[in-house]
$ cat final14.cif   # mmCIF, N, CA and C atoms
data_data
loop_
_atom_site.label_atom_id
_atom_site.label_comp_id
_atom_site.auth_asym_id
_atom_site.auth_seq_id
_atom_site.Cartn_x
_atom_site.Cartn_y
_atom_site.Cartn_z
N MET A 1 135.12 76.80 183.21
CA MET A 1 135.18 76.71 181.77
C MET A 1 136.60 76.37 181.31
N ILE A 2 137.58 76.92 181.99
CA ILE A 2 138.97 76.63 181.63
C ILE A 2 139.27 75.15 181.86
N PHE A 3 138.75 74.60 182.95
CA PHE A 3 138.99 73.18 183.23
C PHE A 3 138.29 72.29 182.21
N LYS A 4 137.14 72.72 181.73
CA LYS A 4 136.43 71.96 180.71
C LYS A 4 137.23 71.93 179.41
N ILE A 5 137.78 73.07 179.02
CA ILE A 5 138.59 73.14 177.81
C ILE A 5 139.87 72.32 177.99
N ALA A 6 140.48 72.41 179.16
CA ALA A 6 141.69 71.63 179.42
C ALA A 6 141.39 70.14 179.42
N GLY A 7 140.26 69.74 179.97
CA GLY A 7 139.87 68.34 179.98
C GLY A 7 139.67 67.81 178.57
N ILE A 8 139.02 68.61 177.73
CA ILE A 8 138.83 68.20 176.34
C ILE A 8 140.18 68.07 175.65
N GLY A 9 141.08 69.01 175.91
CA GLY A 9 142.41 68.96 175.30
C GLY A 9 143.19 67.72 175.72
N ILE A 10 143.13 67.38 176.99
CA ILE A 10 143.84 66.19 177.47
C ILE A 10 143.23 64.93 176.87
N ALA A 11 141.90 64.85 176.83
CA ALA A 11 141.24 63.67 176.27
C ALA A 11 141.57 63.51 174.79
N ILE A 12 141.57 64.61 174.05
CA ILE A 12 141.89 64.55 172.63
C ILE A 12 143.35 64.15 172.43
N ALA A 13 144.24 64.66 173.28
CA ALA A 13 145.65 64.29 173.16
C ALA A 13 145.86 62.79 173.40
N VAL A 14 145.17 62.24 174.40
CA VAL A 14 145.29 60.81 174.68
C VAL A 14 144.74 59.98 173.52
N ILE A 15 143.57 60.37 173.03
CA ILE A 15 142.97 59.64 171.91
C ILE A 15 143.86 59.74 170.68
N ASN A 16 144.43 60.92 170.46
CA ASN A 16 145.33 61.12 169.33
C ASN A 16 146.54 60.20 169.43
N GLN A 17 147.14 60.08 170.61
CA GLN A 17 148.31 59.21 170.79
C GLN A 17 147.95 57.75 170.56
N ILE A 18 146.80 57.34 171.08
CA ILE A 18 146.38 55.94 170.91
C ILE A 18 146.17 55.63 169.44
N LEU A 19 145.48 56.52 168.73
CA LEU A 19 145.22 56.28 167.32
C LEU A 19 146.50 56.34 166.48
N THR A 20 147.42 57.22 166.83
CA THR A 20 148.68 57.30 166.10
C THR A 20 149.50 56.03 166.30
N LYS A 21 149.55 55.52 167.53
CA LYS A 21 150.29 54.27 167.80
C LYS A 21 149.67 53.09 167.09
N ALA A 22 148.34 53.14 166.87
CA ALA A 22 147.64 52.05 166.20
C ALA A 22 147.75 52.16 164.68
N GLY A 23 148.38 53.22 164.21
CA GLY A 23 148.54 53.39 162.77
C GLY A 23 147.35 54.02 162.10
N ARG A 24 146.48 54.63 162.84
CA ARG A 24 145.29 55.29 162.29
C ARG A 24 145.49 56.80 162.30
N ASP A 25 146.45 57.26 161.52
CA ASP A 25 146.79 58.68 161.51
C ASP A 25 145.64 59.54 160.99
N ASP A 26 144.89 59.03 160.03
CA ASP A 26 143.78 59.82 159.50
C ASP A 26 142.69 60.02 160.56
N TYR A 27 142.39 59.00 161.34
CA TYR A 27 141.41 59.15 162.42
C TYR A 27 141.94 60.06 163.53
N ALA A 28 143.25 59.98 163.78
CA ALA A 28 143.84 60.85 164.79
C ALA A 28 143.70 62.31 164.38
N LEU A 29 143.92 62.59 163.11
CA LEU A 29 143.77 63.96 162.63
C LEU A 29 142.32 64.42 162.74
N MET A 30 141.39 63.55 162.41
CA MET A 30 139.97 63.91 162.49
C MET A 30 139.52 64.17 163.93
N THR A 31 140.01 63.37 164.87
CA THR A 31 139.64 63.62 166.27
C THR A 31 140.25 64.92 166.78
N THR A 32 141.45 65.23 166.34
CA THR A 32 142.07 66.50 166.72
C THR A 32 141.27 67.67 166.18
N LEU A 33 140.88 67.59 164.93
CA LEU A 33 140.08 68.66 164.34
C LEU A 33 138.72 68.79 165.03
N ALA A 34 138.11 67.66 165.37
CA ALA A 34 136.83 67.69 166.07
C ALA A 34 136.98 68.35 167.44
N GLY A 35 138.06 68.05 168.13
CA GLY A 35 138.32 68.67 169.43
C GLY A 35 138.52 70.17 169.32
N ILE A 36 139.22 70.60 168.29
CA ILE A 36 139.43 72.03 168.07
C ILE A 36 138.11 72.72 167.79
N ILE A 37 137.25 72.10 166.99
CA ILE A 37 135.95 72.69 166.67
C ILE A 37 135.08 72.80 167.92
N VAL A 38 135.08 71.78 168.75
CA VAL A 38 134.28 71.82 169.99
C VAL A 38 134.77 72.94 170.90
N VAL A 39 136.08 73.07 171.05
CA VAL A 39 136.64 74.12 171.90
C VAL A 39 136.33 75.50 171.31
N LEU A 40 136.38 75.63 170.00
CA LEU A 40 136.05 76.91 169.38
C LEU A 40 134.60 77.29 169.64
N PHE A 41 133.69 76.31 169.64
CA PHE A 41 132.30 76.61 169.97
C PHE A 41 132.17 77.12 171.40
N PHE A 42 132.90 76.52 172.33
CA PHE A 42 132.88 76.99 173.71
C PHE A 42 133.39 78.43 173.79
N ILE A 43 134.49 78.71 173.09
CA ILE A 43 135.09 80.04 173.14
C ILE A 43 134.16 81.07 172.50
N ILE A 44 133.54 80.72 171.39
CA ILE A 44 132.61 81.64 170.74
C ILE A 44 131.44 81.96 171.66
N ARG A 45 130.94 80.94 172.35
CA ARG A 45 129.83 81.18 173.29
C ARG A 45 130.27 82.09 174.43
N MET A 46 131.48 81.90 174.95
CA MET A 46 131.99 82.75 176.02
C MET A 46 132.14 84.20 175.56
N ILE A 47 132.65 84.39 174.35
CA ILE A 47 132.82 85.75 173.82
C ILE A 47 131.47 86.41 173.61
N SER A 48 130.51 85.64 173.13
CA SER A 48 129.16 86.18 172.94
C SER A 48 128.55 86.62 174.27
N GLU A 49 128.69 85.81 175.29
CA GLU A 49 128.18 86.18 176.62
C GLU A 49 128.90 87.42 177.16
N PHE A 50 130.20 87.52 176.89
CA PHE A 50 130.97 88.68 177.33
C PHE A 50 130.44 89.96 176.69
N PHE A 51 130.20 89.92 175.37
CA PHE A 51 129.70 91.11 174.70
C PHE A 51 128.28 91.47 175.15
N GLU A 52 127.47 90.47 175.44
CA GLU A 52 126.13 90.75 175.97
C GLU A 52 126.22 91.42 177.34
N THR A 53 127.15 90.98 178.16
CA THR A 53 127.35 91.59 179.48
C THR A 53 127.83 93.02 179.34
N VAL A 54 128.77 93.26 178.44
CA VAL A 54 129.27 94.62 178.23
C VAL A 54 128.15 95.52 177.71
N LYS A 55 127.35 95.00 176.78
CA LYS A 55 126.26 95.78 176.23
C LYS A 55 125.25 96.13 177.33
N THR A 56 124.95 95.16 178.20
CA THR A 56 124.03 95.42 179.29
C THR A 56 124.63 96.39 180.31
N LEU A 57 125.90 96.26 180.57
CA LEU A 57 126.56 97.12 181.54
C LEU A 57 126.56 98.57 181.11
N PHE A 58 126.85 98.82 179.85
CA PHE A 58 126.90 100.19 179.35
C PHE A 58 125.58 100.64 178.72
N GLN A 59 124.56 99.81 178.81
CA GLN A 59 123.22 100.09 178.32
C GLN A 59 123.23 100.54 176.85
N LEU A 60 123.89 99.73 176.03
CA LEU A 60 123.97 100.04 174.59
C LEU A 60 122.89 99.35 173.81
#

$ encode --input "final14.cif" --output "structure tokens"
Amino acid sequence: MIFKIAGIGIAIAVINQILTKAGRDDYALMTTLAGIIVVLFFIIRMISEFFETVKTLFQL
């Protein structure tokens, strides 16, 4: 999961640099925000699974 998040971060950074060099700063900002949202969804899912595991472990 960490490699998936890192891969998304690297891809977004490359796309951001390409769009910034092309003068498309607004699109670069939108791709950065989209990347952050995707990573946040991954993190939220991981946290949810963690709490489900803890709940099952302690039989709550």

$ residues_around --input "final14.cif" --residues "stretch 31-47 of chain A" --least-positions-apart "4" --cutoff "7 Å" --atoms "all atoms listed in the file" --output "list in words"
Ile5, Ile8, Ile12, Asn16, Asp26, Tyr27, Phe51 and Glu52 of chain A

$ atom_distance --input "final14.cif" --atom1 "atom N of A:Phe3" --atom2 "atom N of A:Gln17"
20.8 Å

$ axis_aligned_box --input "final14.cif" --around "stretch 14-33 of chain A" --padding-each-side "8 Å" --output "lines of an AutoDock Vina configuration file"
center_x = 144.5
center_y = 60.4
center_z = 167.1
size_x = 27.6
size_y = 32.7
size_z = 31.2

$ atom_distance --input "final14.cif" --atom1 "atom N of A:Phe50" --atom2 "atom CA of A:Lys4"
17.2 Å

$ atom_distance --input "final14.cif" --atom1 "atom C of A:Met1" --atom2 "atom CA of A:Ile18"
24.9 Å
